[in-house]
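J.: The structure that follows is given in the form of structure tokens.
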Amino acid sequence: MRIYYSQCWEDPKPLMQSLAVTPEDDVFSIASGGDNTFALLLKNPRSLTAIDRNPAQISLVELKMRAIELLDYDDFIGFIGARPSKNREQLYSHLRPLLSQGARGFWDMNFETLHKGIIHCGKFDRYFKIFRQFVLPLIHNRKTVTTLLGATSTEEQEHFYNQTWNNRRWQGLFRIFFGKFLLGRLGKNPSNFRYVTLENIAEEIMNWTRYGLTKVPIHENYFVEYIMTGRYSNLDAAHPYLQAANFLILKERVGRMQLVCESLADYLKSLKSGSVSKFNLSDIFEYMSDEEVESTLQEMLRVSRHDSRLAFWTLFVPRPVPSSLNGQIIHLSSESEKLYSNARTFFYGSFDLWKIKGRSS
Ligand SMILES: C[S@@+](CC[C@H](N)C(=O)[O-])C[C@H]1O[C@@H](n2cnc3c(N)ncnc32)[C@H](O)[C@@H]1O
């Protein structure tokens, strides 16, 4: 049992714009590192359920929730690792009695991780750390990295990328590091590629990255800043849950979030018809067979209210609406493409927004 994602590596902006959550909504969100579920909580939905089949992820989100609830802002950002802190152990001892038995057991066994700040511990987050510590310095010096991050327009980014950044070492080492072999072993799991038929995924990631570094404004891209420097220089422009202006709102609401440790398909079976109106499904369809996707969607149709919305990302496995569900689920393609083209997490194959007609209201 380990944490794979200690932060969410999916831009909350397209998610928030596409789901347009209101206080009338009952929202379902894949937990992952919790960050995007906290962003959804800021919209004050009637109910918010964060689900993950990995108990380690649930322990992480639970600890973040208790830290929001009990600490003040400065202690919170220090405790989780967004800022330096010398008293993480002491802060943990304050939070520990309020954790569930499962989360307490997990964190007691992972004391070392607490020490370093819990937002840096996921396998995928550490993959980026390996990139920034061992690969990037072989390609560019700190000044070059700072210049790219400091570009103030996409024209400037594009010029710098073409003239300086995109050298032979970048092209060669990037393709090795972000190839299926190392990504599968160091960042994810080889089994994550079970349904991927694309041969050269490194080339695909290279194309997405070229687009992201030249067409998506970098000065407001905290994801790229973290990947290249390991920190967020301006927390007020980072993940919504890290922003001081949102902290008191989250503190007041976080107790309402429900945490579920189960696979989505199993949990949906326990829900009443018409009980959900918005879904954030991360990129979980990437790891399902066509049949599993279809049966999960059938169940989602049953639990969805009329005109519910579903947002999800894909990587290398495109997910069109299954033909058996045409008419009941509608792909909002132009809205999806527009949101995808501006995403600060440009390392995905698509961002998709679907409207679910639902069976009850
Ligand atoms: C799909 S992964 C993707 C991570 C993502 N790209 C990010 O940036 O955070 C997110 C989470 O989904 C969980 N997950 C995957 N499939 C699931 C399923 N069928 N039901 C519930 N959780 C699932 C994983 O355990 C993981 O913590």
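If you're wondering about the labels, chains in the structure tokens are A, B, ... by order shown, residues count from 1 in each chain, ligands from 1 in order shown.
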For A:Tyr211, find every residue with an atom within 10 Å (counting only C-alpha atoms), except residues of its own chain fewer than 5 positions away, and show them as a ChimeraX atom specification.
T.: /A:158,205-206,216,341,346-347
J.: With DSSP run on the backbone, what are the alpha helix (DSSP H) residues within stretch 102-195 of chain A? I'd like them as number ranges by chain.
T.: A: 102-109, 111-116, 123-130, 136-139, 142-149, 154-160, 168-177, 180-182
J.: Could you check the closest approach to A:Tyr340 for each of A:Gly327, A:Gly172, A:Pro318, A:Gly212 and tell me which residue wins, using only C-alpha atoms?
T.: A:Gly212
J.: May I ask you to write as a PyMOL selection string all residues lying at most 6 Å from ligand 1, with only C-alpha atoms and all ligand atoms counted?
T.: chain A and resi 5+8-10+30+32+51-54+57+262-264+282-284
J.: Kindly give the distance, in Å, that separates atom CA of A:Gly187 and atom CA of A:Asp290, rounded to a single decimal.
T.: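 So the answer is 24.4 Å.
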J.: What gap, in Å, lies between atom CA of A:Phe177 and atom CA of A:Ile201?
T.: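 Atom CA of A:Ile201 lies 11.1 Å from atom CA of A:Phe177.
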J.: Taking only residues of stretch 204-257 of chain A that have an atom at most 10 Å from an atom of stretch 133-157 of chain A, what is each one's shortest atom pair and its distance in Å to one decimal, using only C-alpha atoms, in chain and number order, as a Markdown table?
T.:
```
| residue | atom | partner | partner_atom | distance |
| --- | --- | --- | --- | --- |
| A:Gly212 | CA | A:Thr154 | CA | 9.8 |
| A:Leu213 | CA | A:Gln157 | CA | 6.8 |
| A:Thr214 | CA | A:Gln157 | CA | 5.2 |
| A:Lys215 | CA | A:Thr154 | CA | 5.6 |
| A:Val216 | CA | A:Thr154 | CA | 6.7 |
| A:Pro217 | CA | A:Thr154 | CA | 5.6 |
| A:Ile218 | CA | A:Leu149 | CA | 6.1 |
| A:His219 | CA | A:Gly150 | CA | 6.1 |
| A:Glu220 | CA | A:Leu149 | CA | 9.2 |
| A:Asn221 | CA | A:Leu149 | CA | 8.7 |
| A:Tyr222 | CA | A:Leu149 | CA | 9.7 |
| A:Val224 | CA | A:Leu149 | CA | 8.1 |
| A:Glu225 | CA | A:Leu149 | CA | 6.9 |
| A:Met228 | CA | A:Val145 | CA | 7.5 |
| A:Thr229 | CA | A:Val145 | CA | 8.7 |
| A:Gly230 | CA | A:Gln133 | CA | 9.3 |
```
J.: For stretch 196-198 of chain A, list every protein, DNA or RNA residue within 7 Å, evaluated using only C-alpha atoms, and leave out those in the same chain fewer than 2 positions away; present the list as JSON, numbers by chain.
T.: {"A": [193, 194, 200, 201, 316, 317]}
J.: How many Å separate atom CA of A:Thr22 from atom CA of A:Ile77?
T.: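 For atom CA of A:Thr22 relative to atom CA of A:Ile77, the distance reads 27.5 Å.
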J.: Would you write out, as JSON lines, a table of all residues in stretch 2-76 of chain A that have an atom no more than 12 Å from an atom of stretch 351-360 of chain A, listing for each the closest atom pair and the distance in Å to one decimal, considering only C-alpha atoms and ordering rows by chain and rising residue number?
T.:
```
{"residue": "A:Glu10", "atom": "CA", "partner": "A:Phe351", "partner_atom": "CA", "distance": 9.7}
{"residue": "A:Asp11", "atom": "CA", "partner": "A:Phe351", "partner_atom": "CA", "distance": 10.0}
{"residue": "A:Pro12", "atom": "CA", "partner": "A:Phe351", "partner_atom": "CA", "distance": 11.3}
{"residue": "A:Lys13", "atom": "CA", "partner": "A:Phe351", "partner_atom": "CA", "distance": 11.3}
{"residue": "A:Pro14", "atom": "CA", "partner": "A:Phe351", "partner_atom": "CA", "distance": 8.0}
{"residue": "A:Leu15", "atom": "CA", "partner": "A:Leu353", "partner_atom": "CA", "distance": 8.8}
{"residue": "A:Met16", "atom": "CA", "partner": "A:Leu353", "partner_atom": "CA", "distance": 11.2}
{"residue": "A:Gln17", "atom": "CA", "partner": "A:Leu353", "partner_atom": "CA", "distance": 10.2}
{"residue": "A:Ser18", "atom": "CA", "partner": "A:Leu353", "partner_atom": "CA", "distance": 6.7}
{"residue": "A:Leu19", "atom": "CA", "partner": "A:Leu353", "partner_atom": "CA", "distance": 8.1}
{"residue": "A:Ala20", "atom": "CA", "partner": "A:Leu353", "partner_atom": "CA", "distance": 11.4}
```
J.: Just checking: using only C-alpha atoms, which residue out of A:Ala265, A:Leu315, A:Ala245, A:Ala238 ends up closest to A:Arg344?
T.: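 The closest residue to A:Arg344 is A:Ala238.
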J.: Applying 8 Å and only C-alpha atoms, which residues near A:Leu91 remain after dropping the ones on its own chain fewer than 4 positions away? List them as a ChimeraX atom specification.
T.: /A:75,79,87,95
J.: Please, could you write that set of residues out with N, CA and C atoms as a PDB file, in the first residue's frame?
T.:
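That gives us out_28.pdb:
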```
ATOM      1  N   ASP A  75       0.751  26.997   9.719  1.00  0.00           N
ATOM      2  CA  ASP A  75       1.112  25.632  10.139  1.00  0.00           C
ATOM      3  C   ASP A  75       0.690  24.617   9.073  1.00  0.00           C
ATOM      4  N   PHE A  79       3.156  22.161   7.432  1.00  0.00           N
ATOM      5  CA  PHE A  79       2.977  20.729   7.731  1.00  0.00           C
ATOM      6  C   PHE A  79       2.939  19.883   6.462  1.00  0.00           C
ATOM      7  N   ASN A  87       8.482  21.769  12.629  1.00  0.00           N
ATOM      8  CA  ASN A  87       7.703  21.042  13.650  1.00  0.00           C
ATOM      9  C   ASN A  87       6.585  20.162  13.090  1.00  0.00           C
ATOM     10  N   LEU A  95      -2.687  16.211  15.289  1.00  0.00           N
ATOM     11  CA  LEU A  95      -3.732  15.730  14.366  1.00  0.00           C
ATOM     12  C   LEU A  95      -4.065  14.246  14.594  1.00  0.00           C
TER      13      LEU A  95
END
```
J.: Give the strand (DSSP E or B) residues of stretch 185-313 of chain A, as DSSP finds them on the backbone, and put them as a list in words.
T.: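 Output for stretch 185-313 of chain A, strand (DSSP E or B) only: Gln258, Leu259, Val260, Val276, Ser277, Lys278, Phe279, Asn280, Ser304, Arg305, His306, Asp307, Ser308, Arg309, Leu310, Ala311, Phe312 and Trp313 of chain A.
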